[in-house]
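For reference, model.cif (mmCIF, C-alpha atoms):
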data_coords
#
loop_
_atom_site.label_atom_id
_atom_site.label_comp_id
_atom_site.auth_asym_id
_atom_site.auth_seq_id
_atom_site.Cartn_x
_atom_site.Cartn_y
_atom_site.Cartn_z
CA PRO A 1 82.92 74.81 146.25
CA LYS A 2 79.69 76.84 146.39
CA LEU A 3 81.40 79.88 147.89
CA TYR A 4 84.34 79.66 145.49
CA SER A 5 81.94 79.46 142.55
CA GLN A 6 80.35 82.73 143.67
CA ALA A 7 83.67 84.58 143.94
CA ASP A 8 85.17 86.64 141.14
CA VAL A 9 88.42 87.04 143.08
CA VAL A 10 89.71 85.31 146.19
CA VAL A 11 91.79 87.84 148.14
CA PHE A 12 94.22 86.84 150.86
CA THR A 13 95.39 89.33 153.46
CA SER A 14 97.70 86.97 155.33
CA ARG A 15 100.72 88.21 157.21
CA SER A 16 102.23 84.73 157.21
CA GLU A 17 101.65 81.54 155.24
CA GLY A 18 103.16 78.11 155.28
CA ILE A 19 101.74 76.06 152.46
CA PRO A 20 98.91 78.16 151.00
CA VAL A 21 96.35 75.37 150.68
CA ALA A 22 93.35 77.72 150.50
CA ALA A 23 94.98 79.50 147.56
CA MET A 24 95.54 76.15 145.85
CA GLU A 25 91.89 75.27 146.42
CA ALA A 26 90.73 78.55 144.89
CA MET A 27 93.07 78.14 141.93
CA SER A 28 91.90 74.58 141.34
CA MET A 29 88.34 75.96 141.17
CA GLU A 30 89.52 78.45 138.48
CA ARG A 31 89.14 81.47 140.76
CA LEU A 32 91.46 84.42 140.41
CA VAL A 33 93.70 84.72 143.45
CA LEU A 34 95.19 87.94 144.78
CA ALA A 35 97.61 87.36 147.63
CA PRO A 36 100.48 89.11 149.38
CA ARG A 37 104.02 88.47 148.21
CA ILE A 38 105.03 86.54 151.38
CA THR A 39 106.58 83.20 152.33
CA GLY A 40 105.28 80.32 150.14
CA ILE A 41 102.82 82.29 148.01
CA PRO A 42 105.24 83.52 145.30
CA GLU A 43 106.25 79.89 144.71
CA LEU A 44 102.61 79.13 143.96
CA ILE A 45 101.51 82.22 142.02
CA THR A 46 103.22 83.74 139.01
CA PRO A 47 101.88 87.30 138.69
CA GLY A 48 99.73 87.77 135.61
CA GLU A 49 100.01 84.09 134.68
CA THR A 50 98.42 82.07 137.50
CA GLY A 51 97.15 84.85 139.76
CA TYR A 52 98.21 88.16 141.24
CA LEU A 53 100.53 89.26 144.02
CA TYR A 54 100.66 92.52 145.93
CA ASP A 55 103.26 94.00 148.23
CA PRO A 56 102.61 93.08 151.87
CA ASN A 57 101.10 95.85 154.01
CA SER A 58 100.36 97.95 150.92
CA ILE A 59 96.69 98.78 150.55
CA GLU A 60 97.66 100.86 147.52
CA ASP A 61 99.17 97.85 145.72
CA LEU A 62 96.26 95.61 146.75
CA LEU A 63 93.77 98.15 145.34
CA ALA A 64 95.83 98.67 142.17
CA ASN A 65 95.72 94.92 141.56
CA LEU A 66 91.97 94.79 142.21
CA PHE A 67 91.37 97.64 139.76
CA HIS A 68 93.55 95.87 137.18
CA ILE A 69 91.62 92.62 137.68
CA ARG A 70 88.31 94.45 137.33
CA ALA A 71 89.43 96.26 134.18
CA ASN A 72 90.60 92.99 132.62
CA ARG A 73 87.95 90.64 134.00
CA PHE A 74 86.74 89.65 130.54
CA PHE A 75 90.22 88.40 129.69
CA SER A 76 90.88 86.47 132.90
CA GLY A 77 89.93 83.04 131.54
CA ASP A 78 93.50 82.21 130.52
CA ILE A 79 94.80 83.00 134.00
CA ARG A 80 92.04 80.98 135.64
CA MET A 81 92.79 77.94 133.46
CA ALA A 82 96.57 78.31 133.90
CA ALA A 83 96.10 78.45 137.68
CA ARG A 84 94.05 75.28 137.68
CA LYS A 85 96.55 73.50 135.44
CA HIS A 86 99.50 74.64 137.58
CA VAL A 87 97.94 73.30 140.78
CA ALA A 88 96.94 70.04 139.10
CA LEU A 89 100.43 69.44 137.73
CA ALA A 90 102.63 70.71 140.54
CA PHE A 91 100.62 69.80 143.62
CA ASP A 92 99.02 66.45 142.79
CA SER A 93 99.69 64.32 145.87
CA ARG A 94 99.56 61.00 144.02
CA ARG A 95 101.99 62.13 141.35
CA ASN A 96 104.32 63.73 143.89
CA LEU A 97 104.25 60.63 146.10
CA GLY A 98 105.04 58.47 143.06
CA ASN A 99 107.95 60.73 142.09
CA PHE A 100 109.21 60.66 145.67
CA ALA A 101 109.00 56.86 145.79
CA VAL A 102 110.94 56.48 142.54
CA GLU A 103 113.65 58.87 143.73
CA PHE A 104 113.80 57.24 147.16
CA LEU A 105 114.26 53.80 145.64
CA ARG A 106 116.85 55.09 143.18
CA ARG A 107 118.90 56.54 146.00
CA THR A 108 118.59 53.61 148.38
CA GLN A 109 118.93 50.65 146.01
CA THR A 110 122.65 50.69 145.30
CA THR A 111 125.29 48.03 145.69
CA ASP A 112 127.26 47.94 148.95
CA ALA A 113 130.47 48.81 147.12
CA LYS A 114 128.93 51.85 145.48
CA ARG A 115 127.35 52.94 148.78
CA GLU A 116 130.74 52.80 150.52
CA VAL A 117 132.40 54.91 147.84
CA GLU A 118 129.61 57.49 147.70
CA HIS A 119 129.62 58.03 151.46
CA ALA A 120 133.27 57.45 152.26
CA ASP A 121 135.09 60.40 153.78
CA PRO A 122 137.91 61.37 151.35
CA VAL A 123 140.07 62.62 154.23
CA LEU A 124 139.82 59.31 156.08
CA GLN A 125 140.65 57.45 152.88
CA GLN A 126 144.09 59.09 152.94
CA ILE A 127 144.96 57.66 156.38
#
The structure in this file should be written as structure tokens.
Amino acid sequence: PKLYSQADVVVFTSRSEGIPVAAMEAMSMERLVLAPRITGIPELITPGETGYLYDPNSIEDLLANLFHIRANRFFSGDIRMAARKHVALAFDSRRNLGNFAVEFLRRTQTTDAKREVEHADPVLQQI
């Protein structure tokens, strides 16, 4: 938290990401995030709304984004707050686990007759 609080922008130079947890951490601390447009990052960051994306392997695009962020740094509060809100709503483990549990129970708690119909092979039913 101390290092995040000192950062104006958290820049990622990854070539590959799975689940960008460090980006989520930075966003939850209301830090601006600039990351490459690769794998799971575009699902996390909406450019200009919850952070910034640049084209992978493009130092020109990375620098253009940094200059844009610097020029608009006094107006970045909305993006910082939107990023925090997005992470809190979309990536809350308790909420997601609860939603998963409800959906799991909904799909598994059916009557035997309904289960047979839902999973019966229509081709085999004709025989």
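Picture a line from atom CA of Val87 of chain A to atom CA of Val11 of chain A; it runs 17.4 Å.
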Across A:Thr13, A:Asn65, A:Ser76, A:Ser93, the smallest distance to Thr50 of chain A, with all atoms listed in the file counted, is shown by A:Ser76
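For Gly48 of chain A, the list of residues within 10 Å, based on all atoms listed in the file and with local chain neighbours fewer than 6 positions off taken out, reads Ile69, Ser76, Asp78 and Ile79 of chain A.
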So what do you get for atom CA of Ile38 of chain A versus atom CA of His68 of chain A, distance-wise?
20.5 Å
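Relative to atom CA of Ala88 of chain A, atom CA of Leu53 of chain A is found at 20.2 Å.
Of the residues under consideration (A:Val21, A:Leu32, A:Leu89, A:Ala26), A:Leu32 shows the shortest atom-to-atom contact distance to Arg70 of chain A when counting only C-alpha atoms.
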Could you list the residues chosen by the PyMOL selection byres ((chain A and resi 17) around 6) in this structure as a JSON list (two decimals) with C-alpha atoms, keeping the file's coordinate frame?
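What ended up in expr_20.json:
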[["chain", "number", "residue", "atom", "x", "y", "z"],
["A", 16, "SER", "CA", 102.23, 84.73, 157.21],
["A", 18, "GLY", "CA", 103.16, 78.11, 155.28],
["A", 39, "THR", "CA", 106.58, 83.20, 152.33]]
For the file shown, report as JSON, numbers by chain the outcome of the PyMOL selection byres ((chain A and resi 56) around 12) at residue level.
{"A": [12, 13, 14, 15, 16, 34, 35, 36, 37, 38, 39, 41, 42, 53, 54, 55, 57, 58, 59, 60, 61, 62]}
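Counting only C-alpha atoms, Met24 of chain A has the following residues at most 9 Å away, ignoring those fewer than 6 positions along the same chain: A:Leu44, A:Ala83, A:Arg84, A:Val87, A:Phe91.
With distances restricted to all atoms listed in the file, A:Arg31 is the closest residue to Asp8 of chain A from A:Arg31, A:Val102, A:Arg107, A:Leu63.
Distances here use only C-alpha atoms; by that measure, the residue among A:Met81, A:Ile45, A:Arg73, A:Val9 closest to Glu30 of chain A is A:Met81.
Compared by their closest atoms to Pro20 of chain A, and using only C-alpha atoms, the residues A:Ala7, A:Arg94, A:Gly51, A:Gly40 rank with A:Gly40 nearest.
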Can you tell me, as AutoDock Vina command-line options, the centre and edge lengths (Å, one decimal) of the axis-aligned box enclosing all of segment 5-13 of chain A's listed atoms after padding each side by 8 Å?
--center_x 87.9 --center_y 84.4 --center_z 147.3 --size_x 31.0 --size_y 25.9 --size_z 28.3
Starting from the incomplete input, reconstruct N, CA and C atoms of segment 50-67 of chain A and write that as a PDB file, in the coordinates of the input.
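Written file, out_17.pdb:
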ATOM      1  N   THR A  50      99.254  82.997 136.737  1.00  0.00           N
ATOM      2  CA  THR A  50      98.420  82.070 137.500  1.00  0.00           C
ATOM      3  C   THR A  50      97.695  82.774 138.643  1.00  0.00           C
ATOM      4  N   GLY A  51      97.799  84.064 138.715  1.00  0.00           N
ATOM      5  CA  GLY A  51      97.150  84.850 139.760  1.00  0.00           C
ATOM      6  C   GLY A  51      97.831  86.193 139.877  1.00  0.00           C
ATOM      7  N   TYR A  52      97.648  86.825 141.023  1.00  0.00           N
ATOM      8  CA  TYR A  52      98.210  88.160 141.240  1.00  0.00           C
ATOM      9  C   TYR A  52      98.793  88.254 142.640  1.00  0.00           C
ATOM     10  N   LEU A  53      99.882  89.018 142.741  1.00  0.00           N
ATOM     11  CA  LEU A  53     100.530  89.260 144.020  1.00  0.00           C
ATOM     12  C   LEU A  53     100.574  90.760 144.286  1.00  0.00           C
ATOM     13  N   TYR A  54     100.485  91.114 145.555  1.00  0.00           N
ATOM     14  CA  TYR A  54     100.660  92.520 145.930  1.00  0.00           C
ATOM     15  C   TYR A  54     101.685  92.603 147.049  1.00  0.00           C
ATOM     16  N   ASP A  55     102.267  93.786 147.192  1.00  0.00           N
ATOM     17  CA  ASP A  55     103.260  94.000 148.230  1.00  0.00           C
ATOM     18  C   ASP A  55     102.596  93.939 149.597  1.00  0.00           C
ATOM     19  N   PRO A  56     103.200  93.198 150.529  1.00  0.00           N
ATOM     20  CA  PRO A  56     102.610  93.080 151.870  1.00  0.00           C
ATOM     21  C   PRO A  56     102.448  94.460 152.518  1.00  0.00           C
ATOM     22  N   ASN A  57     101.391  94.614 153.267  1.00  0.00           N
ATOM     23  CA  ASN A  57     101.100  95.850 154.010  1.00  0.00           C
ATOM     24  C   ASN A  57     100.894  97.062 153.107  1.00  0.00           C
ATOM     25  N   SER A  58     100.586  96.837 151.839  1.00  0.00           N
ATOM     26  CA  SER A  58     100.360  97.950 150.920  1.00  0.00           C
ATOM     27  C   SER A  58      98.932  97.919 150.391  1.00  0.00           C
ATOM     28  N   ILE A  59      98.076  98.687 151.021  1.00  0.00           N
ATOM     29  CA  ILE A  59      96.690  98.780 150.550  1.00  0.00           C
ATOM     30  C   ILE A  59      96.655  99.376 149.149  1.00  0.00           C
ATOM     31  N   GLU A  60      97.605 100.248 148.850  1.00  0.00           N
ATOM     32  CA  GLU A  60      97.660 100.860 147.520  1.00  0.00           C
ATOM     33  C   GLU A  60      97.908  99.793 146.448  1.00  0.00           C
ATOM     34  N   ASP A  61      98.863  98.898 146.703  1.00  0.00           N
ATOM     35  CA  ASP A  61      99.170  97.850 145.720  1.00  0.00           C
ATOM     36  C   ASP A  61      98.025  96.847 145.632  1.00  0.00           C
ATOM     37  N   LEU A  62      97.408  96.507 146.762  1.00  0.00           N
ATOM     38  CA  LEU A  62      96.260  95.610 146.750  1.00  0.00           C
ATOM     39  C   LEU A  62      95.147  96.217 145.889  1.00  0.00           C
ATOM     40  N   LEU A  63      94.838  97.486 146.113  1.00  0.00           N
ATOM     41  CA  LEU A  63      93.770  98.150 145.340  1.00  0.00           C
ATOM     42  C   LEU A  63      94.142  98.269 143.868  1.00  0.00           C
ATOM     43  N   ALA A  64      95.396  98.581 143.571  1.00  0.00           N
ATOM     44  CA  ALA A  64      95.830  98.670 142.170  1.00  0.00           C
ATOM     45  C   ALA A  64      95.619  97.343 141.458  1.00  0.00           C
ATOM     46  N   ASN A  65      95.938  96.251 142.136  1.00  0.00           N
ATOM     47  CA  ASN A  65      95.720  94.920 141.560  1.00  0.00           C
ATOM     48  C   ASN A  65      94.232  94.634 141.361  1.00  0.00           C
ATOM     49  N   LEU A  66      93.416  94.997 142.348  1.00  0.00           N
ATOM     50  CA  LEU A  66      91.970  94.790 142.210  1.00  0.00           C
ATOM     51  C   LEU A  66      91.404  95.583 141.039  1.00  0.00           C
ATOM     52  N   PHE A  67      91.838  96.836 140.885  1.00  0.00           N
ATOM     53  CA  PHE A  67      91.370  97.640 139.760  1.00  0.00           C
ATOM     54  C   PHE A  67      91.826  97.042 138.424  1.00  0.00           C
TER      55      PHE A  67
END
